[in-house]
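**Q** File name data-v7.txt; file contents compact mmCIF, C-alpha atoms; full text below.
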# COMPACT_ATOMS: atom_id res chain seq x y z
CA MET A 35 41.79 -2.89 7.75
CA ALA A 36 42.44 -3.94 11.35
CA VAL A 37 40.12 -5.86 13.66
CA ASN A 38 41.10 -5.37 17.31
CA TYR A 39 39.91 -7.55 20.20
CA GLN A 40 39.57 -6.15 23.68
CA LYS A 41 38.45 -8.08 26.77
CA GLU A 42 36.01 -6.34 29.07
CA THR A 43 34.12 -7.38 32.18
CA GLY A 44 30.83 -9.04 31.31
CA GLY A 45 31.79 -10.43 27.92
CA GLU A 46 33.88 -9.95 24.85
CA CYS A 47 33.89 -6.62 23.06
CA VAL A 48 35.01 -6.63 19.44
CA ILE A 49 36.04 -3.24 18.09
CA VAL A 50 35.99 -2.88 14.32
CA ARG A 51 37.79 0.27 13.25
CA ARG A 52 40.19 1.68 10.67
CA SER A 53 43.96 1.59 11.00
CA GLY A 54 45.89 4.47 9.51
CA PRO A 55 44.57 7.39 7.46
CA TRP A 56 41.07 7.14 6.03
CA ARG A 57 40.68 6.51 2.35
CA GLU A 58 37.54 6.63 0.25
CA THR A 59 37.94 2.94 -0.58
CA ASP A 60 38.14 1.89 3.08
CA GLY A 61 35.42 -0.48 4.15
CA LEU A 62 34.53 -4.08 4.91
CA ASP A 63 32.62 -6.45 2.69
CA GLY A 64 30.82 -7.86 5.70
CA ILE A 65 30.72 -8.44 9.46
CA GLY A 66 29.19 -11.57 10.95
CA VAL A 67 28.25 -11.93 14.62
CA GLU A 68 26.55 -14.87 16.36
CA GLY A 69 25.22 -15.17 19.90
CA PHE A 70 25.90 -12.85 22.81
CA ALA A 71 28.77 -10.53 21.83
CA ARG A 72 29.38 -6.81 21.94
CA VAL A 73 30.57 -5.35 18.66
CA ARG A 74 31.63 -1.75 18.21
CA ILE A 75 31.67 -0.62 14.59
CA GLU A 76 33.66 2.42 13.48
CA VAL A 77 33.93 1.61 9.79
CA THR A 78 31.74 1.26 6.70
CA ALA A 79 30.47 -2.28 6.23
CA ASN A 80 28.49 -3.45 3.23
CA VAL A 81 26.72 -6.19 5.22
CA LEU A 82 26.20 -6.80 8.93
CA GLU A 83 24.73 -10.22 9.74
CA CYS A 84 23.65 -10.87 13.32
CA ILE A 85 22.47 -14.36 14.30
CA GLU A 86 20.72 -15.38 17.52
CA ARG A 87 22.03 -18.28 19.58
CA SER A 88 20.03 -20.37 22.00
CA THR A 89 21.78 -21.61 25.15
CA GLU A 90 19.89 -23.72 27.70
CA GLY A 91 16.56 -22.42 26.41
CA VAL A 92 17.65 -18.76 26.53
CA VAL A 93 18.02 -16.84 23.27
CA TYR A 94 20.89 -14.37 23.02
CA GLU A 95 21.39 -11.83 20.27
CA PRO A 96 24.44 -9.64 19.56
CA LEU A 97 24.73 -6.15 21.02
CA ILE A 98 25.91 -3.70 18.37
CA GLU A 99 27.38 -0.23 18.89
CA ILE A 100 27.69 1.95 15.79
CA HIS A 101 29.65 5.12 16.38
CA ALA A 102 29.62 8.30 14.34
CA SER A 103 32.06 6.98 11.73
CA GLY A 104 30.25 3.65 11.42
CA VAL A 105 27.93 2.87 8.52
CA VAL A 106 26.12 -0.41 7.87
CA ARG A 107 24.70 -0.45 4.37
CA ASP A 108 22.68 -3.67 4.75
CA PHE A 109 21.71 -5.16 8.11
CA VAL A 110 20.50 -8.77 8.27
CA GLY A 111 19.28 -10.73 11.30
CA VAL A 112 18.45 -9.48 14.79
CA CYS A 113 20.39 -7.49 17.37
CA GLY A 114 20.18 -5.01 20.19
CA LEU A 115 21.57 -1.55 19.57
CA GLY A 116 23.68 -0.34 22.46
CA ARG A 117 24.51 2.84 20.58
CA LEU A 118 23.62 4.33 17.20
CA ASP A 119 25.46 7.47 16.19
CA GLY A 120 26.19 6.29 12.67
CA GLU A 121 23.89 4.64 10.12
CA LEU A 122 22.09 1.30 10.22
CA ILE A 123 20.20 0.42 7.04
CA CYS A 124 18.25 -2.69 6.11
CA GLN A 125 17.81 -3.00 2.35
CA ARG A 126 14.87 -5.35 2.21
CA GLY A 127 14.51 -4.80 -1.52
CA GLU A 128 12.93 -7.73 -3.32
CA ARG A 129 13.83 -10.30 -0.67
CA SER A 130 10.86 -12.36 0.46
CA GLU A 131 12.16 -12.78 4.00
CA ARG A 132 11.29 -10.39 6.76
CA PRO A 133 13.51 -7.38 7.52
CA ALA A 134 16.19 -7.31 10.17
CA ARG A 135 14.94 -6.65 13.70
CA VAL A 136 16.17 -4.45 16.52
CA THR A 137 15.24 -5.52 20.06
CA ALA A 138 16.73 -2.59 21.99
CA LEU A 139 17.84 0.96 21.31
CA GLY A 140 20.54 2.69 23.33
CA ASP A 141 21.94 6.22 23.11
CA SER A 142 21.16 7.38 19.62
CA GLY A 143 21.52 10.29 17.26
CA GLY A 144 22.12 8.55 13.97
CA LYS A 145 20.05 7.04 11.16
CA LEU A 146 17.82 3.98 11.41
CA VAL A 147 16.33 2.91 8.07
CA GLY A 148 14.30 -0.11 6.93
CA VAL A 149 14.51 -2.03 10.22
CA ASP A 150 11.71 -3.88 12.05
CA ILE A 151 11.26 -2.03 15.37
CA THR A 152 8.15 -3.88 16.64
CA GLN A 153 10.15 -5.53 19.43
CA LEU A 154 11.05 -2.23 21.08
CA ARG A 155 9.03 -2.19 24.30
CA SER A 156 10.66 -0.06 26.96
CA PRO A 157 9.46 3.57 27.22
CA LEU A 158 13.15 4.45 27.34
CA HIS A 159 13.54 3.10 23.79
CA PHE A 160 10.87 5.48 22.54
CA GLU A 161 12.59 8.41 24.24
CA ARG A 162 15.71 7.53 22.25
CA VAL A 163 13.70 7.39 19.03
CA ARG A 164 13.16 11.15 19.45
CA LYS A 165 16.92 11.74 19.19
CA LEU A 166 17.44 9.93 15.90
CA SER A 167 18.34 12.20 13.01
CA VAL A 168 16.56 9.89 10.53
CA PHE A 169 13.86 7.43 11.59
CA SER A 170 12.40 5.37 8.75
CA PRO A 171 11.51 1.87 10.04
CA ASP A 172 10.14 -0.93 7.90
CA VAL A 173 6.48 -0.04 7.28
CA GLU A 174 5.37 -3.55 6.32
CA SER A 175 6.41 -4.95 9.70
CA LEU A 176 4.24 -2.30 11.39
CA TYR A 177 1.26 -3.36 9.30
CA ASP A 178 2.04 -7.05 9.97
CA SER A 179 1.91 -6.51 13.73
CA ALA A 180 -1.64 -5.16 13.50
CA CYS A 181 -3.17 -6.78 10.41
CA SER A 182 -3.84 -10.11 12.15
CA PHE A 183 -7.06 -8.36 13.25
CA ASP A 184 -7.85 -7.34 9.65
CA ARG A 185 -8.85 -10.63 8.03
CA LEU A 186 -8.52 -9.58 4.40
CA ALA A 187 -5.13 -7.93 4.91
CA ALA A 188 -3.90 -10.88 6.97
CA TRP A 189 -4.96 -13.31 4.24
CA LEU A 190 -3.22 -11.29 1.54
CA ARG A 191 -0.05 -10.92 3.59
CA ARG A 192 0.11 -14.63 4.35
CA ARG A 193 0.24 -15.23 0.61
CA GLN A 194 3.00 -12.65 0.15
CA LEU A 195 5.28 -13.81 2.95
CA SER A 196 7.41 -16.93 2.58
CA GLY A 197 6.57 -18.53 5.91
CA PRO A 198 5.25 -17.73 9.38
CA SER A 199 6.22 -14.63 11.22
CA GLN A 200 9.45 -14.88 13.16
CA HIS A 201 7.96 -12.86 15.97
CA GLN A 202 4.36 -12.74 17.12
CA HIS A 203 3.32 -10.48 19.98
CA GLN A 204 1.23 -12.14 22.68
CA SER A 205 -0.21 -8.81 23.81
CA THR A 206 -3.84 -7.74 23.56
CA PRO A 207 -5.17 -5.27 20.96
CA ARG A 208 -5.42 -2.60 23.68
CA GLU A 209 -1.76 -3.04 24.65
CA GLN A 210 -0.67 -2.90 21.03
CA ALA A 211 -2.78 0.22 20.48
CA HIS A 212 -0.98 1.88 23.39
CA TRP A 213 2.35 0.84 21.83
CA PHE A 214 1.49 2.57 18.54
CA ARG A 215 0.25 5.63 20.42
CA ASP A 216 3.56 5.88 22.31
CA LEU A 217 5.50 5.40 19.08
CA TYR A 218 3.57 8.19 17.37
CA GLU A 219 4.25 10.53 20.29
CA ALA A 220 7.93 9.56 20.20
CA MET A 221 8.21 10.51 16.52
CA GLY A 222 6.99 13.98 17.46
CA SER A 223 7.92 16.67 14.94
CA ASN A 224 10.93 14.77 13.59
CA ALA A 225 11.33 14.45 9.83
CA VAL A 226 9.66 11.07 9.26
CA PRO A 227 8.40 9.64 5.95
CA ALA A 228 4.67 10.16 5.39
CA SER A 229 4.21 6.43 4.85
CA THR A 230 5.51 5.75 8.37
CA ARG A 231 3.19 8.23 10.05
CA ALA A 232 0.21 6.94 8.04
CA ALA A 233 1.05 3.36 8.98
CA VAL A 234 1.28 4.17 12.69
CA ARG A 235 -2.02 6.07 12.67
CA TRP A 236 -3.80 3.32 10.71
CA CYS A 237 -2.51 0.57 13.02
CA TYR A 238 -3.59 2.56 16.06
CA ALA A 239 -7.10 3.09 14.64
CA LEU A 240 -7.45 -0.61 13.78
CA LEU A 241 -6.27 -1.81 17.19
CA GLU A 242 -8.42 0.74 19.00
CA HIS A 243 -11.40 -0.56 17.01
CA GLU A 244 -10.58 -4.13 18.06
CA SER A 245 -9.99 -3.21 21.70
CA ILE A 246 -13.45 -1.64 22.17
CA LYS A 247 -15.44 -4.27 20.29
CA PRO A 248 -18.15 -5.69 22.55
CA ARG A 249 -17.58 -9.35 23.34
CA ARG A 250 -21.03 -10.86 23.27
CA THR A 251 -22.17 -14.25 24.48
CA PRO A 252 -24.52 -16.27 22.26
CA SER A 253 -28.21 -15.78 23.00
CA ARG A 254 -31.21 -17.70 21.66
CA SER A 255 -33.72 -15.07 22.69
CA THR A 256 -35.15 -13.19 19.70
CA SER A 257 -35.85 -10.07 21.73
CA THR A 258 -32.28 -10.02 23.06
CA GLN A 259 -30.85 -10.40 19.57
CA ARG A 260 -33.08 -7.56 18.32
CA ARG A 261 -31.92 -5.24 21.11
CA ARG A 262 -28.32 -6.05 20.32
CA LEU A 263 -28.85 -5.40 16.62
CA PHE A 264 -30.07 -1.84 17.26
CA SER A 265 -27.86 -1.06 20.26
CA ARG A 266 -25.42 1.85 20.27
CA GLU A 267 -22.51 -0.57 20.31
CA ALA A 268 -23.80 -2.30 17.18
CA VAL A 269 -24.30 1.01 15.36
CA GLU A 270 -20.79 2.14 16.34
CA SER A 271 -19.36 -1.21 15.24
CA ILE A 272 -20.99 -0.88 11.81
CA GLY A 273 -19.70 2.68 11.45
CA ARG A 274 -16.18 1.69 12.42
CA TRP A 275 -16.28 -1.29 10.05
CA LEU A 276 -17.24 1.03 7.17
CA HIS A 277 -14.50 3.40 8.28
CA ARG A 278 -12.07 0.47 8.15
CA CYS A 279 -13.04 -0.24 4.53
CA VAL A 280 -11.75 3.20 3.52
CA GLY A 281 -8.57 2.89 5.57
CA TYR A 282 -9.67 4.98 8.59
CA GLY A 283 -8.92 8.07 6.54
CA GLN A 284 -5.20 7.21 6.62
CA ARG A 285 -4.59 4.93 3.64
CA PRO A 286 -5.39 6.49 0.25
CA SER A 287 -4.99 3.13 -1.49
CA ARG A 288 -7.91 1.58 0.40
CA ALA A 289 -10.19 4.54 -0.22
CA LEU A 290 -9.22 4.48 -3.91
CA VAL A 291 -10.05 0.77 -4.18
CA CYS A 292 -13.44 1.38 -2.51
CA TRP A 293 -14.08 4.27 -4.91
CA LEU A 294 -13.35 2.06 -7.93
CA ILE A 295 -15.44 -0.82 -6.58
CA ALA A 296 -18.37 1.52 -5.92
CA THR A 297 -17.98 2.97 -9.41
CA THR A 298 -18.05 -0.51 -10.97
CA GLY A 299 -21.14 -1.49 -8.99
CA VAL A 300 -23.07 1.67 -9.81
CA THR A 301 -22.05 1.44 -13.48
CA ILE A 302 -23.48 -2.08 -13.75
CA TRP A 303 -26.59 -0.96 -11.83
CA SER A 304 -27.00 2.02 -14.16
CA ALA A 305 -26.73 -0.23 -17.21
CA GLN A 306 -29.80 -2.11 -16.01
CA HIS A 307 -31.79 1.13 -16.17
CA SER A 308 -30.34 2.69 -19.30
CA ALA A 309 -28.72 0.58 -21.99
CA VAL A 310 -25.06 1.22 -22.65
CA ASP A 311 -23.85 1.87 -26.19
CA SER A 312 -22.36 -1.23 -27.73
CA GLY A 313 -18.64 -1.70 -27.46
CA ALA A 314 -16.01 -0.89 -24.86
CA ALA A 315 -16.21 2.83 -25.60
CA GLY A 316 -19.78 2.98 -24.32
CA TRP A 317 -18.88 1.22 -21.08
CA LEU A 318 -15.87 3.47 -20.58
CA GLN A 319 -17.99 6.56 -21.07
CA ARG A 320 -20.63 5.36 -18.60
CA GLY A 321 -17.94 4.37 -16.10
CA ALA A 322 -16.28 7.79 -16.42
CA GLU A 323 -19.64 9.50 -15.79
CA VAL A 324 -20.12 7.48 -12.61
CA LEU A 325 -16.52 7.90 -11.49
CA LEU A 326 -16.63 11.69 -11.86
CA SER A 327 -20.18 12.10 -10.57
CA PRO A 328 -18.97 13.41 -7.15
CA LEU A 329 -17.16 16.26 -8.92
CA ARG A 330 -20.29 17.10 -10.92
CA VAL A 331 -22.41 17.09 -7.78
CA LEU A 332 -19.93 19.50 -6.20
CA ARG A 333 -20.14 21.63 -9.38
CA LEU A 334 -16.44 21.06 -10.03
CA GLY A 335 -17.01 19.49 -13.42
CA TYR A 336 -18.61 20.67 -16.60
CA GLY A 337 -22.09 19.91 -17.86
CA SER A 338 -25.25 18.91 -16.06
CA THR A 339 -25.38 16.20 -13.44
CA PRO A 340 -26.05 12.89 -15.23
CA GLU A 341 -29.02 10.73 -14.37
CA LEU A 342 -27.48 7.46 -13.29
CA LEU A 343 -30.53 5.46 -12.25
CA GLY A 344 -33.42 7.47 -13.68
CA GLY A 345 -34.90 8.80 -10.44
CA PRO A 346 -33.93 11.49 -7.90
CA ALA A 347 -34.06 9.11 -4.93
CA LEU A 348 -32.03 6.34 -6.58
CA ASP A 349 -29.59 8.84 -8.07
CA ALA A 350 -29.01 10.30 -4.61
CA ILE A 351 -28.14 6.82 -3.34
CA ALA A 352 -25.75 6.30 -6.24
CA TYR A 353 -24.04 9.65 -5.61
CA LEU A 354 -23.69 8.74 -1.93
CA VAL A 355 -22.24 5.28 -2.65
CA VAL A 356 -19.65 6.72 -5.06
CA GLY A 357 -19.11 10.03 -3.30
CA LEU A 358 -18.23 8.81 0.19
CA PRO A 359 -15.19 6.74 -0.90
CA PHE A 360 -14.13 9.70 -3.07
CA LEU A 361 -14.27 12.07 -0.09
CA PHE A 362 -12.30 9.64 2.07
CA PHE A 363 -9.74 9.35 -0.73
CA VAL A 364 -9.26 13.11 -0.68
CA VAL A 365 -9.10 13.19 3.13
CA SER A 366 -6.64 10.27 3.14
CA LEU A 367 -4.33 12.09 0.74
CA ARG A 368 -4.37 15.13 3.01
CA GLU A 369 -3.65 13.02 6.09
CA PHE A 370 -0.91 11.13 4.27
CA PHE A 371 1.00 14.29 3.45
CA ARG A 372 0.02 16.29 6.54
CA SER A 373 2.96 17.87 8.32
CA PRO A 374 3.41 17.04 12.01
CA LEU A 375 3.79 20.78 12.61
CA SER A 376 0.14 21.30 11.72
CA ARG A 377 -1.76 23.15 14.40
CA ARG A 378 -4.52 20.55 14.32
CA PRO A 379 -4.23 18.42 17.49
CA SER A 380 -3.09 14.83 17.09
CA THR A 381 -5.73 12.09 17.07
CA LEU A 382 -3.52 9.65 18.94
What does this structure look like when you write it as structure tokens?
**A**
Amino acid sequence: MAVNYQKETGGECVIVRRSGPWRETDGLDGIGVEGFARVRIEVTANVLECIERSTEGVVYEPLIEIHASGVVRDFVGVCGLGRLDGELICQRGERSERPARVTALGDSGGKLVGVDITQLRSPLHFERVRKLSVFSPDVESLYDSACSFDRLAAWLRRRQLSGPSQHQHQSTPREQAHWFRDLYEAMGSNAVPASTRAAVRWCYALLEHESIKPRRTPSRSTSTQRRRLFSREAVESIGRWLHRCVGYGQRPSRALVCWLIATTGVTIWSAQHSAVDSGAAGWLQRGAEVLLSPLRVLRLGYGSTPELLGGPALDAIAYLVVGLPFLFFVVSLREFFRSPLSRRPSTL
């Protein structure tokens, strides 16, 4: 395997390519690059490690060009992509550290998999996303960039990650919402994993919610506080907060969790009205009745509709509390697997 060095105006360009006929066993164990350097890869490399270098307060990262015959099986670090016609893959796997990051995207037509793309800012970068044959960025980094406004998710993620984020955007929620909107438009009708599309739509909905929240100043007047409590903005805020609890109709996992929590609450409430048979079997039976009550209300199950709380009015409340998360779970599943070629207009 030969490594050729070629001097060019504006910096050093390192060309990594094969010498002689290609063999199936050809490849490099790894390529390491540090600081500002241009590297052109025309070979299969098991690992590509790119390290930033700070000089006089300015941070420089490598500029990588991967041509059609180039394949990187595991990318680590941060770089700019001057060209991507081959494959660049980040195998995050079970590593606790954050995925490799790409700060720029040049002419492209290859595969980009598992990489953090939250530092792509130029509209030109998004135009080049359209040309990628496979676009499957790291989903967790997309959630991380937006979940700082979702307190529960941010708290959970801080416990999962092994340290502070390496990159924090200083932009406003509105600017980040526009970024996710542009990214969704750039993906277009390309073949993109459902998890990626769902993540982009959820992040956009969350950031849009944060960007239109009314910023109120404290007031000691009781009449002013009462008007604010029943204002249109307050009602919309409550509705959007409830919508957030079920994942904005984009995350089936959140709607499922809400469905199970509602089922548990109504089951305990029902036990106060009608005693549950002793033993775990009795509780499981009552829980199953509550869990499947939306199906019975819709006449999709067998048997008569059970009386959960012993009164039509209270039972209606119970069906509503359990049924709404169930409906959002169904809608979320549809949205998760919805094809971009659907005739329904995009919400972003």
**Q** From the list A:Phe370, A:Trp317, A:Tyr94, A:Trp303, which residue is nearest Ala352 of chain A when using all atoms listed in the file?
**A**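 The closest residue to Ala352 of chain A is A:Trp303.
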**Q** Find the distance between atom CA of Leu358 of chain A and atom CA of Glu242 of chain A and write it in Å to one decimal.
**A**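 A separation of 22.7 Å between them.
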**Q** Can you tell me, as JSON, the centre and edge lengths (Å, one decimal) of the axis-aligned box enclosing all of segment 272-283 of chain A's listed atoms after padding each side by 3 Å?
**A**
{"center_x": -14.8, "center_y": 3.4, "center_z": 8.0, "size_x": 18.4, "size_y": 15.4, "size_z": 14.9}
**Q** To one decimal in Å, tell me the separation between atom CA of Arg132 of chain A and atom CA of Thr230 of chain A.
**A**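 According to the coordinates, atom CA of Arg132 of chain A and atom CA of Thr230 of chain A are separated by 17.2 Å.
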**Q** I need the residue nearest Thr297 of chain A from this list: A:Leu354, A:Ala347, A:Ala309, A:Ile272. Use all atoms listed in the file for the distance.
**A**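 Nearest candidate to Thr297 of chain A out of A:Leu354, A:Ala347, A:Ala309, A:Ile272: A:Leu354.
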**Q** For Gly114 of chain A, list every protein, DNA or RNA residue within 10 Å, evaluated using only C-alpha atoms, and leave out those in the same chain fewer than 4 positions away; present the list as number ranges by chain.
**A** A: 72, 84, 94-99, 135-140, 154
**Q** Using only C-alpha atoms, which of the listed residues (A:Arg330, A:Leu348, A:Glu209, A:Ser271) sits closest to Val300 of chain A?
**A**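 So, comparing all the options, the nearest one is A:Leu348.
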**Q** So which one's closest to Ser229 of chain A, A:Pro286, A:Gly104, A:Gly116, A:Gly299? Using only C-alpha atoms, please.
**A**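 Among A:Pro286, A:Gly104, A:Gly116, A:Gly299, it is A:Pro286 that comes nearest to Ser229 of chain A.
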**Q** Starting from the point (24.0, -11.4, 13.7), work out which residues of protein, DNA or RNA have an atom no more than 10 Å away when counting only C-alpha atoms; state them as number ranges by chain.
**A** A: 65-71, 82-87, 95-98, 109-114, 134
**Q** How many Å lie between atom CA of Leu361 of chain A and atom CA of Gly222 of chain A, rounded to one decimal?
**A**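 Value for the atom CA of Leu361 of chain A-atom CA of Gly222 of chain A distance: 27.6 Å.
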**Q** Please provide the set of residues having any atom within 12 Å of Trp293 of chain A, restricted to all atoms listed in the file, with same-chain residues fewer than 6 positions apart removed, written as a VMD selection string.
**A** chain A and resid 279 to 281 286 to 287 299 to 300 321 324 to 328 352 to 364
**Q** I need the residues from that last selection saved to file as a PDB file, keeping the file's coordinate frame (with C-alpha atoms), if you can.
**A**
ATOM      1  CA  CYS A 279     -13.040  -0.240   4.530  1.00  0.00           C
ATOM      2  CA  VAL A 280     -11.750   3.200   3.520  1.00  0.00           C
ATOM      3  CA  GLY A 281      -8.570   2.890   5.570  1.00  0.00           C
ATOM      4  CA  PRO A 286      -5.390   6.490   0.250  1.00  0.00           C
ATOM      5  CA  SER A 287      -4.990   3.130  -1.490  1.00  0.00           C
ATOM      6  CA  GLY A 299     -21.140  -1.490  -8.990  1.00  0.00           C
ATOM      7  CA  VAL A 300     -23.070   1.670  -9.810  1.00  0.00           C
ATOM      8  CA  GLY A 321     -17.940   4.370 -16.100  1.00  0.00           C
ATOM      9  CA  VAL A 324     -20.120   7.480 -12.610  1.00  0.00           C
ATOM     10  CA  LEU A 325     -16.520   7.900 -11.490  1.00  0.00           C
ATOM     11  CA  LEU A 326     -16.630  11.690 -11.860  1.00  0.00           C
ATOM     12  CA  SER A 327     -20.180  12.100 -10.570  1.00  0.00           C
ATOM     13  CA  PRO A 328     -18.970  13.410  -7.150  1.00  0.00           C
ATOM     14  CA  ALA A 352     -25.750   6.300  -6.240  1.00  0.00           C
ATOM     15  CA  TYR A 353     -24.040   9.650  -5.610  1.00  0.00           C
ATOM     16  CA  LEU A 354     -23.690   8.740  -1.930  1.00  0.00           C
ATOM     17  CA  VAL A 355     -22.240   5.280  -2.650  1.00  0.00           C
ATOM     18  CA  VAL A 356     -19.650   6.720  -5.060  1.00  0.00           C
ATOM     19  CA  GLY A 357     -19.110  10.030  -3.300  1.00  0.00           C
ATOM     20  CA  LEU A 358     -18.230   8.810   0.190  1.00  0.00           C
ATOM     21  CA  PRO A 359     -15.190   6.740  -0.900  1.00  0.00           C
ATOM     22  CA  PHE A 360     -14.130   9.700  -3.070  1.00  0.00           C
ATOM     23  CA  LEU A 361     -14.270  12.070  -0.090  1.00  0.00           C
ATOM     24  CA  PHE A 362     -12.300   9.640   2.070  1.00  0.00           C
ATOM     25  CA  PHE A 363      -9.740   9.350  -0.730  1.00  0.00           C
ATOM     26  CA  VAL A 364      -9.260  13.110  -0.680  1.00  0.00           C
TER      27      VAL A 364
END
**Q** Which is closest to Ser156 of chain A among A:Ala211, A:Ala315, A:Leu217, A:Ala233, if we use only C-alpha atoms?
**A** A:Leu217
**Q** If we count all atoms listed in the file and set the cut-off at 12 Å, which residues sit around Ala228 of chain A, ignoring sequence neighbours fewer than 6 positions away in its own chain? Please answer as a list in words.
**A**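 Surrounding residues, per the criterion: Phe169, Ser170, Pro171, Val173, Met221, Val234, Arg235, Gln284, Arg285, Pro286, Ser366, Leu367, Arg368, Glu369, Phe370, Phe371, Arg372, Ser373 and Pro374 of chain A.
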